[in-house]
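Below is target-v3.txt, holding compact mmCIF, C-alpha atoms.
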# COMPACT_ATOMS: atom_id res chain seq x y z
CA MET W 1 141.02 1.49 88.69
CA GLY W 2 143.52 4.22 89.40
CA ILE W 3 142.43 7.74 88.50
CA VAL W 4 144.88 10.60 88.16
CA LYS W 5 143.40 14.05 88.79
CA ARG W 6 145.06 17.34 88.24
CA GLY W 7 143.91 20.93 88.46
CA TRP W 8 140.55 21.54 86.82
CA LEU W 9 139.80 17.83 86.51
CA ALA W 10 139.81 17.42 90.27
CA ALA W 11 137.18 20.13 90.54
CA LEU W 12 134.77 17.97 88.54
CA GLY W 13 134.53 15.57 91.44
CA GLY W 14 134.67 12.51 89.18
CA ALA W 15 131.75 13.61 87.02
CA ALA W 16 134.01 13.66 83.97
CA LEU W 17 134.47 9.92 84.30
CA ILE W 18 130.81 9.18 83.63
CA VAL W 19 130.54 7.96 80.06
CA ALA W 20 126.95 6.73 79.87
CA ALA W 21 123.76 7.22 81.85
CA SER W 22 122.93 4.61 84.43
CA PRO W 23 120.42 1.89 83.48
CA PHE W 24 117.93 3.47 85.88
CA GLU W 25 118.17 6.86 84.18
CA ALA W 26 117.90 5.26 80.77
CA ASN W 27 114.88 3.20 81.78
CA ALA W 28 113.12 6.28 83.07
CA GLN W 29 113.17 7.73 79.58
CA ARG W 30 111.61 4.70 77.95
CA SER W 31 107.95 3.84 77.69
CA ARG W 32 106.69 1.09 79.95
CA LEU W 33 105.98 -0.92 76.82
CA ASP W 34 109.65 -1.00 75.83
CA ASP W 35 110.63 -1.89 79.38
CA TRP W 36 109.05 -5.31 79.13
CA LEU W 37 109.19 -5.96 75.41
CA GLY W 38 112.73 -7.24 75.47
CA PHE W 39 114.47 -4.11 76.69
CA ASP W 40 116.08 -5.21 79.90
CA GLN W 41 119.87 -5.05 80.18
CA SER W 42 120.52 -8.44 81.68
CA GLY W 43 123.73 -10.23 80.83
CA ASP W 44 127.07 -8.92 79.62
CA ALA W 45 128.35 -8.80 76.07
CA PHE W 46 131.72 -10.38 75.44
CA ASP W 47 134.41 -9.51 72.95
CA GLN W 48 136.50 -11.86 70.83
CA SER W 49 138.89 -12.59 73.68
CA GLY W 50 136.08 -13.78 75.96
CA ARG W 51 136.39 -10.71 78.17
CA ALA W 52 133.19 -9.36 79.74
CA PRO W 53 133.45 -5.57 79.76
CA ALA W 54 132.56 -3.80 82.96
CA ALA W 55 131.49 -0.74 81.01
CA ARG W 56 128.85 -1.01 78.30
CA GLU W 57 130.72 1.30 75.97
CA THR W 58 130.22 -0.41 72.63
CA GLU W 59 129.41 1.55 69.54
CA ALA W 60 129.81 5.26 68.95
CA GLN W 61 127.27 7.35 67.08
CA PRO W 62 127.96 7.40 63.33
CA GLN W 63 130.60 9.96 62.43
CA PRO W 64 129.62 12.97 60.26
CA GLU W 65 131.99 11.80 57.54
CA ARG W 66 130.51 9.01 55.47
CA GLY W 67 133.72 7.02 55.16
CA PHE W 68 134.08 3.64 53.51
CA PRO W 69 131.33 0.99 53.31
CA THR W 70 131.84 -1.91 55.69
CA LEU W 71 130.77 -4.34 52.98
CA ALA W 72 132.99 -3.70 49.94
CA ARG W 73 135.12 -5.82 47.62
CA GLU W 74 138.06 -3.50 48.18
CA ASN W 75 137.95 -4.35 51.88
CA VAL W 76 138.99 -7.94 51.17
CA THR W 77 142.38 -6.85 49.82
CA ALA W 78 142.64 -4.20 52.54
CA THR W 79 141.94 -6.76 55.26
CA ARG W 80 144.53 -9.14 53.81
CA ASN W 81 147.09 -6.36 54.07
CA ILE W 82 146.12 -5.66 57.67
CA VAL W 83 146.42 -9.38 58.48
CA LYS W 84 150.02 -9.32 57.23
CA ARG W 85 150.74 -6.20 59.27
CA TYR W 86 149.36 -7.69 62.46
CA ALA W 87 151.17 -10.98 61.82
CA GLU W 88 154.41 -8.98 61.77
CA LEU W 89 153.41 -7.34 65.06
CA VAL W 90 152.93 -10.80 66.58
CA THR W 91 156.40 -11.81 65.35
CA ARG W 92 157.89 -8.72 67.00
CA GLY W 93 156.23 -9.56 70.32
CA GLY W 94 153.09 -7.43 70.10
CA TRP W 95 152.43 -4.72 72.65
CA ALA W 96 152.55 -4.48 76.43
CA GLN W 97 149.45 -4.21 78.58
CA LEU W 98 148.48 -0.74 79.78
CA PRO W 99 147.82 -0.15 83.49
CA ALA W 100 144.25 0.57 84.57
CA ILE W 101 144.83 4.30 84.89
CA GLU W 102 142.46 6.79 83.27
CA LEU W 103 144.16 9.79 81.69
CA ARG W 104 143.31 12.93 79.79
CA THR W 105 144.92 16.02 78.31
CA GLY W 106 147.10 18.03 80.71
CA MET W 107 147.93 15.17 83.05
CA SER W 108 151.46 14.00 83.81
CA HIS W 109 152.02 10.35 84.75
CA PRO W 110 154.55 7.57 83.98
CA ALA W 111 151.65 5.58 82.42
CA VAL W 112 151.61 8.09 79.55
CA VAL W 113 154.99 6.71 78.42
CA GLN W 114 153.45 3.23 78.08
CA LEU W 115 150.41 4.70 76.33
CA ARG W 116 152.63 6.44 73.79
CA LYS W 117 154.40 3.16 72.96
CA ARG W 118 151.07 1.38 72.54
CA LEU W 119 149.70 4.06 70.21
CA GLN W 120 152.91 4.10 68.19
CA SER W 121 152.73 0.34 67.65
CA THR W 122 149.60 0.70 65.51
CA GLY W 123 150.53 4.01 63.87
CA ASP W 124 148.15 6.22 65.81
CA LEU W 125 151.01 8.29 67.21
CA GLN W 126 154.32 9.18 65.59
CA ALA W 127 157.50 9.09 67.66
CA TYR W 128 158.87 12.53 68.59
CA GLY W 129 160.80 14.33 71.30
CA GLY W 130 159.34 16.32 74.15
CA TYR W 131 157.98 15.34 77.55
CA PRO W 132 157.03 11.65 77.36
CA GLU W 133 155.06 11.68 80.62
CA ILE W 134 152.76 14.53 79.52
CA PHE W 135 149.36 13.65 78.04
CA ASP W 136 149.48 16.38 75.39
CA SER W 137 147.33 17.18 72.35
CA TYR W 138 149.30 14.73 70.20
CA VAL W 139 148.45 11.89 72.56
CA GLU W 140 144.84 13.07 72.75
CA ASN W 141 144.46 13.00 68.96
CA ALA W 142 146.08 9.57 68.81
CA VAL W 143 143.64 8.27 71.43
CA LYS W 144 140.78 9.66 69.34
CA LYS W 145 142.07 7.73 66.30
CA ALA W 146 142.21 4.52 68.33
CA GLN W 147 138.73 5.07 69.78
CA ALA W 148 137.27 5.60 66.32
CA ARG W 149 138.89 2.34 65.21
CA PHE W 150 137.14 0.51 68.06
CA GLY W 151 133.77 2.17 67.46
CA LEU W 152 134.01 4.10 70.72
CA PRO W 153 133.12 7.78 71.16
CA ALA W 154 136.22 9.71 70.05
CA THR W 155 136.60 11.76 73.24
CA GLY W 156 140.40 11.66 73.47
CA PHE W 157 139.94 10.64 77.12
CA LEU W 158 141.67 7.39 78.02
CA ASP W 159 138.81 5.73 79.90
CA LYS W 160 138.35 2.11 80.96
CA ALA W 161 136.57 1.08 77.76
CA THR W 162 139.46 2.40 75.66
CA ILE W 163 142.07 0.76 77.89
CA ASP W 164 140.23 -2.57 77.58
CA GLU W 165 140.29 -2.35 73.78
CA LEU W 166 143.93 -1.29 73.62
CA ASN W 167 144.83 -4.21 75.91
CA VAL W 168 143.36 -6.91 73.67
CA PRO W 169 146.50 -8.92 72.70
CA VAL W 170 147.76 -8.55 69.17
CA ALA W 171 147.41 -12.32 68.64
CA ALA W 172 143.70 -12.05 69.45
CA ARG W 173 143.35 -9.14 67.02
CA LEU W 174 145.11 -11.17 64.32
CA ARG W 175 142.75 -14.09 64.86
CA GLN W 176 139.78 -11.72 64.74
CA LEU W 177 140.99 -10.28 61.43
CA ARG W 178 141.47 -13.72 59.88
CA ILE W 179 137.98 -14.83 60.94
CA ASN W 180 136.41 -11.73 59.45
CA LEU W 181 138.47 -11.96 56.28
CA ALA W 182 136.68 -15.24 55.63
CA ARG W 183 133.34 -13.56 56.24
CA LEU W 184 134.16 -10.72 53.85
CA MET W 185 135.30 -13.17 51.18
CA SER W 186 131.98 -15.02 51.39
CA LEU W 187 129.83 -11.88 51.43
CA THR W 188 131.40 -9.58 48.87
CA PRO W 189 130.53 -11.64 45.74
CA ASN W 190 126.87 -10.85 46.50
CA ILE W 191 127.32 -7.07 46.67
CA PRO W 192 125.31 -5.30 43.94
CA ALA W 193 126.75 -2.46 41.88
CA GLY W 194 123.95 -0.01 42.73
CA LYS W 195 121.89 0.49 45.86
CA PHE W 196 121.94 -1.75 48.90
CA VAL W 197 121.50 -1.51 52.67
CA ASN W 198 123.88 -3.17 55.10
CA VAL W 199 123.25 -3.69 58.81
CA ASN W 200 126.52 -4.61 60.50
CA ILE W 201 125.26 -6.06 63.76
CA PRO W 202 128.45 -5.65 65.87
CA SER W 203 128.71 -2.00 64.79
CA VAL W 204 125.02 -1.48 65.62
CA GLN W 205 124.85 0.70 62.52
CA ILE W 206 123.03 0.78 59.20
CA GLU W 207 124.64 1.92 55.96
CA ALA W 208 122.79 3.02 52.81
CA VAL W 209 125.23 2.41 49.96
CA ASN W 210 125.05 3.37 46.28
CA ASN W 211 127.76 2.65 43.71
CA GLY W 212 130.29 1.83 46.42
CA GLN W 213 129.71 5.05 48.39
CA VAL W 214 127.99 5.42 51.77
CA VAL W 215 125.02 7.74 51.22
CA SER W 216 123.98 7.75 54.88
CA ARG W 217 124.93 5.95 58.07
CA HIS W 218 122.42 5.43 60.88
CA THR W 219 122.64 4.49 64.54
CA GLY W 220 120.76 1.27 65.20
CA VAL W 221 119.44 -1.04 67.89
CA VAL W 222 119.96 -4.77 67.38
CA GLY W 223 118.99 -7.95 69.19
CA LYS W 224 120.16 -8.74 72.70
CA PRO W 225 122.78 -11.49 73.12
CA ASP W 226 120.04 -13.91 74.19
CA ARG W 227 117.78 -12.78 71.29
CA PRO W 228 120.31 -12.14 68.53
CA SER W 229 119.52 -10.48 65.24
CA PRO W 230 119.95 -13.11 62.50
CA LEU W 231 122.12 -12.96 59.40
CA ILE W 232 120.00 -11.97 56.42
CA ASN W 233 120.34 -11.78 52.65
CA SER W 234 117.09 -10.30 51.38
CA ALA W 235 115.68 -7.19 49.72
CA ILE W 236 113.55 -4.31 50.98
CA GLU W 237 110.40 -4.33 48.90
CA GLU W 238 107.81 -2.28 50.75
CA ILE W 239 107.53 0.71 53.09
CA ASN W 240 104.73 0.64 55.69
CA PHE W 241 103.63 3.90 57.27
CA ASN W 242 101.87 3.87 60.65
CA LYS W 243 101.30 0.14 60.47
CA ASP W 244 99.65 -1.97 63.15
CA TRP W 245 102.17 -3.96 65.17
CA PHE W 246 101.66 -7.72 65.23
CA VAL W 247 103.26 -9.13 68.38
CA PRO W 248 105.90 -11.65 67.21
CA PRO W 249 106.16 -15.14 68.73
CA THR W 250 109.34 -14.42 70.70
CA VAL W 251 107.85 -11.35 72.37
CA LEU W 252 104.59 -13.19 73.02
CA LYS W 253 106.26 -16.09 74.83
CA SER W 254 109.06 -14.23 76.58
CA ASP W 255 107.38 -10.93 77.41
CA LEU W 256 103.63 -10.57 76.88
CA ILE W 257 102.46 -13.81 78.50
CA PRO W 258 104.70 -13.46 81.60
CA ARG W 259 103.56 -9.85 81.88
CA GLY W 260 99.93 -10.90 81.53
CA ARG W 261 100.30 -13.47 84.30
CA ALA W 262 102.02 -11.03 86.63
CA LEU W 263 99.40 -8.31 86.18
CA GLN W 264 96.47 -10.71 86.32
CA GLY W 265 97.67 -11.77 89.75
CA LYS W 266 97.30 -8.13 90.79
CA GLY W 267 93.86 -7.80 89.29
CA GLU W 268 95.20 -5.79 86.35
CA ASP W 269 95.30 -6.42 82.60
CA ALA W 270 98.39 -6.23 80.36
CA LEU W 271 96.45 -5.75 77.12
CA THR W 272 94.49 -2.77 78.40
CA GLU W 273 97.56 -1.21 79.98
CA HIS W 274 99.60 -1.42 76.79
CA LYS W 275 96.75 -0.82 74.33
CA ILE W 276 97.08 -4.23 72.68
CA ASP W 277 94.11 -6.12 71.26
CA ALA W 278 93.75 -9.91 71.12
CA TYR W 279 91.99 -11.85 68.35
CA ALA W 280 91.27 -15.52 67.83
CA ASP W 281 93.26 -15.43 64.57
CA PHE W 282 94.22 -13.16 61.66
CA THR W 283 90.78 -13.51 60.07
CA ALA W 284 89.15 -12.29 63.27
CA TYR W 285 91.57 -9.33 63.23
CA GLN W 286 90.51 -8.45 59.69
CA LYS W 287 86.89 -8.54 60.80
CA GLY W 288 87.56 -6.55 63.97
CA LEU W 289 86.38 -9.33 66.28
CA LYS W 290 88.33 -8.62 69.47
CA ILE W 291 88.57 -10.92 72.46
CA ASP W 292 87.49 -9.41 75.76
CA PRO W 293 90.80 -9.05 77.66
CA LYS W 294 89.04 -9.85 80.94
CA SER W 295 88.12 -13.28 79.58
CA ILE W 296 91.75 -14.33 79.00
CA ASP W 297 93.28 -16.74 81.48
CA TRP W 298 97.00 -15.97 81.23
CA ASN W 299 97.87 -19.06 83.28
CA SER W 300 96.38 -21.36 80.63
CA ASP W 301 97.72 -22.32 77.19
CA ALA W 302 95.02 -20.31 75.39
CA PRO W 303 97.01 -17.03 75.14
CA LEU W 304 99.66 -18.86 73.09
CA HIS W 305 97.15 -19.30 70.25
CA TYR W 306 95.74 -15.78 70.03
CA PHE W 307 96.73 -13.07 67.57
CA TYR W 308 97.87 -9.82 69.22
CA VAL W 309 97.89 -6.37 67.63
CA GLN W 310 98.68 -2.83 68.68
CA ASN W 311 97.24 -0.11 66.48
CA GLY W 312 99.54 2.32 64.72
CA GLY W 313 100.18 5.52 66.65
CA PRO W 314 102.63 7.37 68.88
CA GLU W 315 103.02 4.44 71.32
CA ASN W 316 103.41 1.77 68.66
CA PRO W 317 106.84 0.02 68.94
CA LEU W 318 107.26 0.29 65.15
CA GLY W 319 107.17 4.07 65.26
CA PHE W 320 105.80 5.48 62.01
CA VAL W 321 107.89 3.52 59.48
CA LYS W 322 108.49 -0.18 58.92
CA LEU W 323 110.81 -1.46 56.19
CA ASN W 324 109.39 -4.69 54.84
CA PHE W 325 111.43 -7.59 53.44
CA GLN W 326 111.15 -11.35 53.18
CA SER W 327 112.70 -13.21 56.11
CA PRO W 328 112.04 -16.59 57.71
CA HIS W 329 113.03 -15.10 61.07
CA HIS W 330 110.02 -12.76 61.43
CA VAL W 331 112.26 -9.73 61.95
CA TYR W 332 112.18 -6.32 60.32
CA MET W 333 113.59 -2.80 60.43
CA HIS W 334 111.62 0.08 61.82
CA ASP W 335 111.36 3.39 63.65
CA THR W 336 110.70 3.47 67.41
CA ALA W 337 108.36 5.13 69.86
CA ALA W 338 111.30 5.52 72.29
CA PRO W 339 114.04 7.41 70.40
CA SER W 340 116.06 8.01 73.58
CA ILE W 341 117.46 4.50 73.21
CA PHE W 342 119.63 5.69 70.30
CA SER W 343 121.64 7.87 72.68
CA GLN W 344 122.68 4.89 74.80
CA SER W 345 126.12 3.35 74.54
CA PHE W 346 124.90 -0.25 74.66
CA ARG W 347 122.27 -0.79 71.99
CA ALA W 348 122.00 -4.58 71.63
CA GLU W 349 118.61 -4.53 73.33
CA SER W 350 115.84 -5.57 70.92
CA SER W 351 114.19 -8.94 70.43
CA GLY W 352 115.96 -9.40 67.09
CA CYS W 353 114.56 -6.59 64.95
CA VAL W 354 116.65 -3.57 63.97
CA ARG W 355 115.58 -0.05 64.95
CA VAL W 356 116.88 2.77 62.78
CA GLN W 357 117.60 6.33 63.87
CA ASN W 358 116.59 9.02 61.35
CA VAL W 359 114.66 6.34 59.53
CA HIS W 360 112.82 9.03 57.55
CA GLN W 361 116.04 9.72 55.63
CA LEU W 362 116.53 6.05 54.82
CA ALA W 363 112.87 5.64 53.81
CA ALA W 364 113.05 8.66 51.48
CA TRP W 365 116.22 7.27 49.87
CA LEU W 366 114.53 3.91 49.33
CA LEU W 367 111.50 5.65 47.80
CA GLU W 368 113.47 7.88 45.39
CA GLU W 369 112.36 5.88 42.35
CA ASN W 370 108.77 6.26 43.57
CA GLY W 371 109.17 10.04 43.48
CA TRP W 372 109.05 10.57 47.24
CA THR W 373 110.97 13.22 49.19
CA VAL W 374 112.02 13.51 52.83
CA GLN W 375 109.28 16.09 53.34
CA GLN W 376 106.65 13.66 52.11
CA VAL W 377 107.93 10.95 54.43
CA LEU W 378 107.88 13.29 57.43
CA ARG W 379 104.34 14.33 56.53
CA MET W 380 103.25 10.72 57.06
CA LYS W 381 104.54 10.98 60.61
CA GLU W 382 102.60 14.16 61.21
CA THR W 383 99.32 12.91 59.78
CA GLY W 384 99.45 9.34 61.09
CA GLU W 385 98.01 8.15 57.77
CA ARG W 386 98.31 4.44 57.10
CA LEU W 387 99.89 3.67 53.76
CA ASN W 388 101.83 0.77 52.22
CA ILE W 389 104.09 1.53 49.25
CA ARG W 390 105.78 -1.09 47.10
CA LEU W 391 109.21 0.00 45.92
CA LYS W 392 109.48 0.30 42.15
CA LYS W 393 112.83 -1.41 42.47
CA ARG W 394 113.66 -3.69 45.38
CA VAL W 395 116.80 -2.73 47.30
CA PRO W 396 119.11 -5.59 48.40
CA LEU W 397 119.49 -5.91 52.15
CA PHE W 398 122.22 -7.59 54.19
CA TRP W 399 122.38 -8.17 57.93
CA THR W 400 126.02 -9.07 58.52
CA TYR W 401 128.31 -9.89 61.41
CA ILE W 402 131.70 -8.28 60.83
CA THR W 403 133.84 -7.43 63.86
CA ALA W 404 137.09 -6.52 62.09
CA TRP W 405 137.92 -5.20 58.63
CA GLY W 406 140.44 -3.12 56.72
CA THR W 407 139.65 -0.16 54.49
CA PRO W 408 141.34 1.00 51.26
CA ASP W 409 143.07 3.90 53.05
CA GLY W 410 145.06 1.44 55.15
CA GLY W 411 142.82 1.80 58.18
CA VAL W 412 141.43 -1.00 60.30
CA GLN W 413 138.20 -1.22 62.30
CA PHE W 414 137.38 -3.46 65.26
CA ARG W 415 134.00 -3.98 66.92
CA ARG W 416 132.96 -5.92 69.99
CA ASP W 417 131.90 -9.51 69.44
CA ILE W 418 128.52 -9.00 71.12
CA TYR W 419 127.21 -12.49 70.24
CA ARG W 420 130.54 -14.29 70.78
CA GLN W 421 130.52 -15.52 67.18
CA ASP W 422 134.27 -15.04 66.72
CA ASN W 423 134.99 -17.74 69.30
CA GLY W 424 133.10 -20.34 67.29
CA ASP W 425 134.03 -19.53 63.70
CA ALA W 426 136.89 -21.18 61.90
CA VAL W 427 139.95 -19.05 61.13
CA ALA W 428 140.31 -18.03 57.48
CA SER W 429 143.08 -19.80 55.63
CA ALA W 430 143.71 -16.90 53.25
CA GLU W 431 146.17 -14.32 54.56
For this file, write the structure as structure tokens.
Amino acid sequence: MGIVKRGWLAALGGAALIVAASPFEANAQRSRLDDWLGFDQSGDAFDQSGRAPAARETEAQPQPERGFPTLARENVTATRNIVKRYAELVTRGGWAQLPAIELRTGMSHPAVVQLRKRLQSTGDLQAYGGYPEIFDSYVENAVKKAQARFGLPATGFLDKATIDELNVPVAARLRQLRINLARLMSLTPNIPAGKFVNVNIPSVQIEAVNNGQVVSRHTGVVGKPDRPSPLINSAIEEINFNKDWFVPPTVLKSDLIPRGRALQGKGEDALTEHKIDAYADFTAYQKGLKIDPKSIDWNSDAPLHYFYVQNGGPENPLGFVKLNFQSPHHVYMHDTAAPSIFSQSFRAESSGCVRVQNVHQLAAWLLEENGWTVQQVLRMKETGERLNIRLKKRVPLFWTYITAWGTPDGGVQFRRDIYRQDNGDAVASAE
């Protein structure tokens, strides 16, 4: 990739081009438990065009403004309008590809002329006179608008991730919009008038919505491409504070047993190292009848039939809050013992469950009818007290997969197709 440096940028020695921490730096911040419980970064995510991004710049942190809900009836009409607009762009020949040249405010380069044309094609930048080769504040603000539309950090710096998104052909964007219009049309009839929670998996974000307004938006962590978070239509019915963690089947087979075998070969024990207890079954767990970890032969089939538990506490993968709902997939939403993961750019790293940043705010909102406040929720974290609370009124929950949608203000949002679902879905007939 070509990089144009000028003046003060050159003095940074390339440091300004670093968007996210390296995997090694990120791993150093995590607990060893998270390292092997499904938190490796193997494999690339792909977008709707089948392109594997070199940079793992996917979803930005939620913006301070609450904005429009992703799941809303009004978005169906808005998306239809965007489909028509992009169909017209296809008819007019779409847009040209940008060169792989990173740019930022104050630079002068012929590539800025091409960037201006690209940003004008989607209304991010208005045509005006001046110096077309200068990357000025107008171009910077237009780049920020485009980055926000793609779910990227709105830096105003034309980096590789932004160039990749801007270079997705308009025909591919039109197809993406049509596919997601069909999804919106099937989902929106189920939207309740009052409270509900929506997890949009490609956005890696959680929205708490009430009466059509976003009350809070939270950064999330969703399932890896090889352990995807499922689509869910359920309802949150219980809040668990400082709950024991029951190792789910996927983690047992893919992580715990291989880890147990590896450590046993070194004369070490995975259960002791990670403070996990094994029981013959759930009844034995209730009675406190633990299996001696030294007696377990990890190379046999026996470990597949045991029941594994980690007590609630600071190192528990659930953190201090678990949001309980009915699901045949054995997944849930929860806090985390490794909050540094929320600061990463690529956050499709769990074994299917959804981790929620600032989960105390979401829990307090869910418990409003029970008379709870944020302070009371945070107190549960401080004390470590175990408590299960049934919600007085269940709150509908949706885990959705929407990679493109329009909003009532005429805006359009695109997200990366992390599970490559857009390539397999049929195109919507409605336009």
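The nearest approach to W:Gly406 among the residues W:Leu152, W:Pro328, W:Asn180, W:Gln120, with all atoms listed in the file taken into account, belongs to W:Asn180.
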Next item on the list: For atom CA of W:Pro339 and atom CA of W:Val222, determine how far apart the two atoms are, in Å to one decimal place.
Entry: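 Atom CA of W:Pro339 sits 13.9 Å away from atom CA of W:Val222.
In this model, the gap between atom CA of W:His274 and atom CA of W:Asp292 comes to 14.5 Å.
Ranking W:Phe246, W:Trp372, W:Trp405, W:Phe398 by their shortest atom-to-atom distance to W:Ile191, with all atoms listed in the file included, puts W:Phe398 first.
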Item checked: Who sits within 9 Å of W:Thr70, only C-alpha atoms, same chain under 6 positions skipped, as a ChimeraX atom specification -> /W:198,200,207,402,405-407
Mind filling out stretch 212-225 of chain W with N, CA and C atoms and sending it as a PDB file, in the frame of the given file?
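Final output, saved to rebuild.pdb:
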ATOM      1  N   GLY W 212     129.082   1.933  45.607  1.00  0.00           N
ATOM      2  CA  GLY W 212     130.290   1.830  46.420  1.00  0.00           C
ATOM      3  C   GLY W 212     130.512   2.970  47.378  1.00  0.00           C
ATOM      4  N   GLN W 213     129.570   3.912  47.496  1.00  0.00           N
ATOM      5  CA  GLN W 213     129.710   5.050  48.390  1.00  0.00           C
ATOM      6  C   GLN W 213     128.617   5.029  49.454  1.00  0.00           C
ATOM      7  N   VAL W 214     128.972   5.356  50.693  1.00  0.00           N
ATOM      8  CA  VAL W 214     127.990   5.420  51.770  1.00  0.00           C
ATOM      9  C   VAL W 214     127.193   6.720  51.631  1.00  0.00           C
ATOM     10  N   VAL W 215     125.900   6.582  51.355  1.00  0.00           N
ATOM     11  CA  VAL W 215     125.020   7.740  51.220  1.00  0.00           C
ATOM     12  C   VAL W 215     124.620   8.270  52.589  1.00  0.00           C
ATOM     13  N   SER W 216     124.313   7.364  53.510  1.00  0.00           N
ATOM     14  CA  SER W 216     123.980   7.750  54.880  1.00  0.00           C
ATOM     15  C   SER W 216     124.296   6.597  55.817  1.00  0.00           C
ATOM     16  N   ARG W 217     124.630   6.945  57.040  1.00  0.00           N
ATOM     17  CA  ARG W 217     124.930   5.950  58.070  1.00  0.00           C
ATOM     18  C   ARG W 217     124.059   6.264  59.279  1.00  0.00           C
ATOM     19  N   HIS W 218     123.423   5.224  59.833  1.00  0.00           N
ATOM     20  CA  HIS W 218     122.420   5.430  60.880  1.00  0.00           C
ATOM     21  C   HIS W 218     122.759   4.612  62.126  1.00  0.00           C
ATOM     22  N   THR W 219     122.559   5.223  63.277  1.00  0.00           N
ATOM     23  CA  THR W 219     122.640   4.490  64.540  1.00  0.00           C
ATOM     24  C   THR W 219     121.505   3.471  64.581  1.00  0.00           C
ATOM     25  N   GLY W 220     121.775   2.308  65.142  1.00  0.00           N
ATOM     26  CA  GLY W 220     120.760   1.270  65.200  1.00  0.00           C
ATOM     27  C   GLY W 220     120.592   0.694  66.597  1.00  0.00           C
ATOM     28  N   VAL W 221     119.624  -0.187  66.722  1.00  0.00           N
ATOM     29  CA  VAL W 221     119.440  -1.040  67.890  1.00  0.00           C
ATOM     30  C   VAL W 221     119.258  -2.447  67.356  1.00  0.00           C
ATOM     31  N   VAL W 222     120.032  -3.399  67.868  1.00  0.00           N
ATOM     32  CA  VAL W 222     119.960  -4.770  67.380  1.00  0.00           C
ATOM     33  C   VAL W 222     119.550  -5.701  68.518  1.00  0.00           C
ATOM     34  N   GLY W 223     119.456  -6.980  68.214  1.00  0.00           N
ATOM     35  CA  GLY W 223     118.990  -7.950  69.190  1.00  0.00           C
ATOM     36  C   GLY W 223     119.942  -8.153  70.350  1.00  0.00           C
ATOM     37  N   LYS W 224     119.363  -8.445  71.512  1.00  0.00           N
ATOM     38  CA  LYS W 224     120.160  -8.740  72.700  1.00  0.00           C
ATOM     39  C   LYS W 224     120.938 -10.035  72.484  1.00  0.00           C
ATOM     40  N   PRO W 225     122.011 -10.254  73.256  1.00  0.00           N
ATOM     41  CA  PRO W 225     122.780 -11.490  73.120  1.00  0.00           C
ATOM     42  C   PRO W 225     121.937 -12.754  73.255  1.00  0.00           C
TER      43      PRO W 225
END
